[in-house]
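Read through the structure below, which is laid out as structure tokens, and then see the notes.
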Amino acid sequence: MTEHSFSLSGDLTEHGHKLVQRVYYEDTDFSGLIYHARYLHFLERGRSDYLRCLGCEQSALISVDDEGLVFVVHRMEIDFKQPARMDDVITIQTITEKAGGAKMVLNQEIRRGETLLISAKVVIAVINKHGRPRRLPETIAEKFLGKAE
């Protein structure tokens, strides 16, 4: 049996965040391969835990100030390269390309070992609790860009 050592919420890296997950039966289709829509779940977990590791829990951002701060997926491009299978251990890597103004751009990959399974570019809109666009506070943008102290 292979031993793995990692945090439940993943780990911040020099360029972003990585999260290790296992593929379960519930993630697969009748062929035993991961169902294509389940990759969205893994990508979301990677983004959510990236926020958590940066100290920006989504549940707290809604009340960060009078406006509130909410992140919503605006656009996503996904390239499916190779399938994952039940019991595979996969790594979700999330890297910030842009953080500022009213959007963020995150690049994500899912790998099994060194094998690239999925690559995705995710554009995140920054809105307030009323659904209106708002600027990403500089202090939060700096965290995503690795400039926070």
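Here's how to read the names in the structure tokens: chain A, B, ... by the order shown, residue numbers from 1 in each chain, ligand numbers from 1 in the order shown.
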
Skipping near chain neighbours, those fewer than 2 positions away, what residues fall within 12 Å of A:Ser31 using only C-alpha atoms, listed as a PDB file with all heavy atoms, in the first residue's frame?
ATOM      1  N   TYR A  25     -15.848   5.238  -6.619  1.00  0.00           N
ATOM      2  CA  TYR A  25     -16.855   4.599  -7.471  1.00  0.00           C
ATOM      3  C   TYR A  25     -17.900   5.615  -7.931  1.00  0.00           C
ATOM      4  O   TYR A  25     -18.294   5.639  -9.095  1.00  0.00           O
ATOM      5  CB  TYR A  25     -17.505   3.437  -6.706  1.00  0.00           C
ATOM      6  CG  TYR A  25     -18.584   2.730  -7.477  1.00  0.00           C
ATOM      7  CD1 TYR A  25     -18.265   1.859  -8.514  1.00  0.00           C
ATOM      8  CD2 TYR A  25     -19.921   2.937  -7.171  1.00  0.00           C
ATOM      9  CE1 TYR A  25     -19.253   1.207  -9.233  1.00  0.00           C
ATOM     10  CE2 TYR A  25     -20.918   2.291  -7.879  1.00  0.00           C
ATOM     11  CZ  TYR A  25     -20.580   1.427  -8.914  1.00  0.00           C
ATOM     12  OH  TYR A  25     -21.568   0.801  -9.610  1.00  0.00           O
ATOM     13  N   ASP A  27     -17.635   8.562  -8.667  1.00  0.00           N
ATOM     14  CA  ASP A  27     -17.104   9.488  -9.665  1.00  0.00           C
ATOM     15  C   ASP A  27     -17.074   8.883 -11.068  1.00  0.00           C
ATOM     16  O   ASP A  27     -16.784   9.598 -12.025  1.00  0.00           O
ATOM     17  CB  ASP A  27     -15.675   9.906  -9.290  1.00  0.00           C
ATOM     18  CG  ASP A  27     -15.602  10.594  -7.947  1.00  0.00           C
ATOM     19  OD1 ASP A  27     -16.457  11.452  -7.662  1.00  0.00           O
ATOM     20  OD2 ASP A  27     -14.676  10.262  -7.171  1.00  0.00           O
ATOM     21  N   THR A  28     -17.346   7.596 -11.173  1.00  0.00           N
ATOM     22  CA  THR A  28     -17.166   6.904 -12.448  1.00  0.00           C
ATOM     23  C   THR A  28     -18.492   6.622 -13.135  1.00  0.00           C
ATOM     24  O   THR A  28     -19.561   6.666 -12.522  1.00  0.00           O
ATOM     25  CB  THR A  28     -16.410   5.575 -12.244  1.00  0.00           C
ATOM     26  OG1 THR A  28     -17.185   4.716 -11.413  1.00  0.00           O
ATOM     27  CG2 THR A  28     -15.050   5.814 -11.608  1.00  0.00           C
ATOM     28  N   ASP A  29     -18.404   6.297 -14.415  1.00  0.00           N
ATOM     29  CA  ASP A  29     -19.585   5.884 -15.167  1.00  0.00           C
ATOM     30  C   ASP A  29     -19.542   4.363 -15.366  1.00  0.00           C
ATOM     31  O   ASP A  29     -18.705   3.677 -14.767  1.00  0.00           O
ATOM     32  CB  ASP A  29     -19.684   6.638 -16.495  1.00  0.00           C
ATOM     33  CG  ASP A  29     -18.500   6.389 -17.434  1.00  0.00           C
ATOM     34  OD1 ASP A  29     -17.745   5.413 -17.218  1.00  0.00           O
ATOM     35  OD2 ASP A  29     -18.335   7.176 -18.371  1.00  0.00           O
ATOM     36  N   LEU A  33     -14.484   4.552 -15.927  1.00  0.00           N
ATOM     37  CA  LEU A  33     -13.713   5.788 -16.070  1.00  0.00           C
ATOM     38  C   LEU A  33     -14.455   6.911 -15.358  1.00  0.00           C
ATOM     39  O   LEU A  33     -15.676   6.863 -15.206  1.00  0.00           O
ATOM     40  CB  LEU A  33     -13.546   6.144 -17.546  1.00  0.00           C
ATOM     41  CG  LEU A  33     -12.852   5.104 -18.425  1.00  0.00           C
ATOM     42  CD1 LEU A  33     -12.848   5.551 -19.873  1.00  0.00           C
ATOM     43  CD2 LEU A  33     -11.448   4.833 -17.928  1.00  0.00           C
ATOM     44  N   ILE A  34     -13.718   7.931 -14.957  1.00  0.00           N
ATOM     45  CA  ILE A  34     -14.372   9.055 -14.308  1.00  0.00           C
ATOM     46  C   ILE A  34     -15.335   9.712 -15.296  1.00  0.00           C
ATOM     47  O   ILE A  34     -15.015   9.899 -16.467  1.00  0.00           O
ATOM     48  CB  ILE A  34     -13.334  10.060 -13.753  1.00  0.00           C
ATOM     49  CG1 ILE A  34     -13.993  11.093 -12.854  1.00  0.00           C
ATOM     50  CG2 ILE A  34     -12.584  10.729 -14.854  1.00  0.00           C
ATOM     51  CD1 ILE A  34     -13.001  11.943 -12.078  1.00  0.00           C
ATOM     52  N   TYR A  35     -16.551   9.985 -14.828  1.00  0.00           N
ATOM     53  CA  TYR A  35     -17.568  10.644 -15.646  1.00  0.00           C
ATOM     54  C   TYR A  35     -17.119  12.079 -15.900  1.00  0.00           C
ATOM     55  O   TYR A  35     -16.674  12.766 -14.973  1.00  0.00           O
ATOM     56  CB  TYR A  35     -18.916  10.594 -14.911  1.00  0.00           C
ATOM     57  CG  TYR A  35     -20.038  11.244 -15.648  1.00  0.00           C
ATOM     58  CD1 TYR A  35     -20.462  10.746 -16.880  1.00  0.00           C
ATOM     59  CD2 TYR A  35     -20.681  12.350 -15.123  1.00  0.00           C
ATOM     60  CE1 TYR A  35     -21.498  11.347 -17.568  1.00  0.00           C
ATOM     61  CE2 TYR A  35     -21.726  12.951 -15.805  1.00  0.00           C
ATOM     62  CZ  TYR A  35     -22.131  12.452 -17.027  1.00  0.00           C
ATOM     63  OH  TYR A  35     -23.166  13.051 -17.701  1.00  0.00           O
ATOM     64  N   HIS A  36     -17.236  12.553 -17.138  1.00  0.00           N
ATOM     65  CA  HIS A  36     -16.637  13.839 -17.513  1.00  0.00           C
ATOM     66  C   HIS A  36     -17.102  15.005 -16.631  1.00  0.00           C
ATOM     67  O   HIS A  36     -16.312  15.874 -16.292  1.00  0.00           O
ATOM     68  CB  HIS A  36     -16.911  14.146 -18.989  1.00  0.00           C
ATOM     69  CG  HIS A  36     -18.311  14.530 -19.293  1.00  0.00           C
ATOM     70  ND1 HIS A  36     -19.327  13.604 -19.421  1.00  0.00           N
ATOM     71  CD2 HIS A  36     -18.875  15.739 -19.448  1.00  0.00           C
ATOM     72  CE1 HIS A  36     -20.456  14.228 -19.668  1.00  0.00           C
ATOM     73  NE2 HIS A  36     -20.215  15.525 -19.686  1.00  0.00           N
ATOM     74  N   PRO A  83      -8.210   9.770 -19.422  1.00  0.00           N
ATOM     75  CA  PRO A  83      -9.207   9.480 -18.388  1.00  0.00           C
ATOM     76  C   PRO A  83      -8.569   9.056 -17.069  1.00  0.00           C
ATOM     77  O   PRO A  83      -7.467   8.523 -17.035  1.00  0.00           O
ATOM     78  CB  PRO A  83      -9.993   8.309 -18.990  1.00  0.00           C
ATOM     79  CG  PRO A  83      -8.985   7.598 -19.834  1.00  0.00           C
ATOM     80  CD  PRO A  83      -8.085   8.675 -20.392  1.00  0.00           C
ATOM     81  N   ALA A  84      -9.292   9.324 -15.992  1.00  0.00           N
ATOM     82  CA  ALA A  84      -8.919   8.777 -14.686  1.00  0.00           C
ATOM     83  C   ALA A  84      -9.835   7.588 -14.423  1.00  0.00           C
ATOM     84  O   ALA A  84     -10.925   7.482 -14.994  1.00  0.00           O
ATOM     85  CB  ALA A  84      -9.090   9.834 -13.593  1.00  0.00           C
ATOM     86  N   ARG A  85      -9.395   6.709 -13.543  1.00  0.00           N
ATOM     87  CA  ARG A  85     -10.152   5.501 -13.216  1.00  0.00           C
ATOM     88  C   ARG A  85     -10.380   5.418 -11.712  1.00  0.00           C
ATOM     89  O   ARG A  85      -9.698   6.073 -10.931  1.00  0.00           O
ATOM     90  CB  ARG A  85      -9.392   4.267 -13.688  1.00  0.00           C
ATOM     91  CG  ARG A  85      -9.255   4.190 -15.191  1.00  0.00           C
ATOM     92  CD  ARG A  85      -8.374   3.021 -15.643  1.00  0.00           C
ATOM     93  NE  ARG A  85      -8.429   2.840 -17.076  1.00  0.00           N
ATOM     94  CZ  ARG A  85      -7.828   3.612 -17.964  1.00  0.00           C
ATOM     95  NH1 ARG A  85      -7.116   4.639 -17.569  1.00  0.00           N
ATOM     96  NH2 ARG A  85      -7.931   3.368 -19.258  1.00  0.00           N
ATOM     97  N   MET A  86     -11.337   4.597 -11.345  1.00  0.00           N
ATOM     98  CA  MET A  86     -11.628   4.389  -9.939  1.00  0.00           C
ATOM     99  C   MET A  86     -10.351   4.000  -9.204  1.00  0.00           C
ATOM    100  O   MET A  86      -9.528   3.243  -9.715  1.00  0.00           O
ATOM    101  CB  MET A  86     -12.684   3.295  -9.769  1.00  0.00           C
ATOM    102  CG  MET A  86     -13.181   3.182  -8.340  1.00  0.00           C
ATOM    103  SD  MET A  86     -14.587   2.105  -8.166  1.00  0.00           S
ATOM    104  CE  MET A  86     -13.831   0.512  -8.456  1.00  0.00           C
TER     105      MET A  86
END

Write out as a ChimeraX atom specification the residues lying within 8 Å of A:Leu117, counting only C-alpha atoms and excluding same-chain residues fewer than 4 positions away. /A:80-84,109-112

Name the residues in contact with stretch 126-135 of chain A at a cut-off of 10 Å, using only C-alpha atoms, excluding same-chain residues fewer than 6 positions from it; report them as a ChimeraX atom specification. /A:61-63,65-74,99-104,141

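Our summary of the geometry notes that atom CA of A:Thr96 is positioned 14.5 Å from atom CA of A:Asp11.
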
Determine which residues of chain A receive a DSSP assignment of strand (DSSP E or B), computed from the backbone, and state them as a ChimeraX atom specification. /A:11-12,16-22,28,33-34,70-80,85,89-100,103-112,115-127,133

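Here atom CA of A:Glu14 and atom CA of A:Gly146 stand 8.0 Å from one another.
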
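Take the candidates A:His17, A:Lys121, A:Arg52, A:Lys147 and check each one against A:Leu106 using only C-alpha atoms; the shortest distance goes to A:Lys121.
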
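Using only C-alpha atoms, the nearest neighbour of A:Thr91 within the list A:Glu138, A:Glu57, A:Glu114, A:Asp49 is A:Glu114.
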
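Counting only C-alpha atoms, A:Ser9 has the following residues at most 10 Å away, ignoring those fewer than 6 positions along the same chain: His17, Lys18, Leu19, Val20, Arg45, Gly46, Ser48, Asp49, Tyr50, Leu51, Arg52 and Cys53 of chain A.
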
If we count only C-alpha atoms, what is near A:Ile78 at a cut-off of 9 Å, once residues fewer than 5 positions away on the same chain are taken out, given as a ChimeraX atom specification? /A:118-122

In Å, with one decimal, what is the gap from atom CA of A:Ile140 to atom CA of A:Cys56? 7.8 Å

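Take the candidates A:Arg75, A:Arg38, A:His15, A:Lys143 and check each one against A:Val105 using only C-alpha atoms; the shortest distance goes to A:Arg75.
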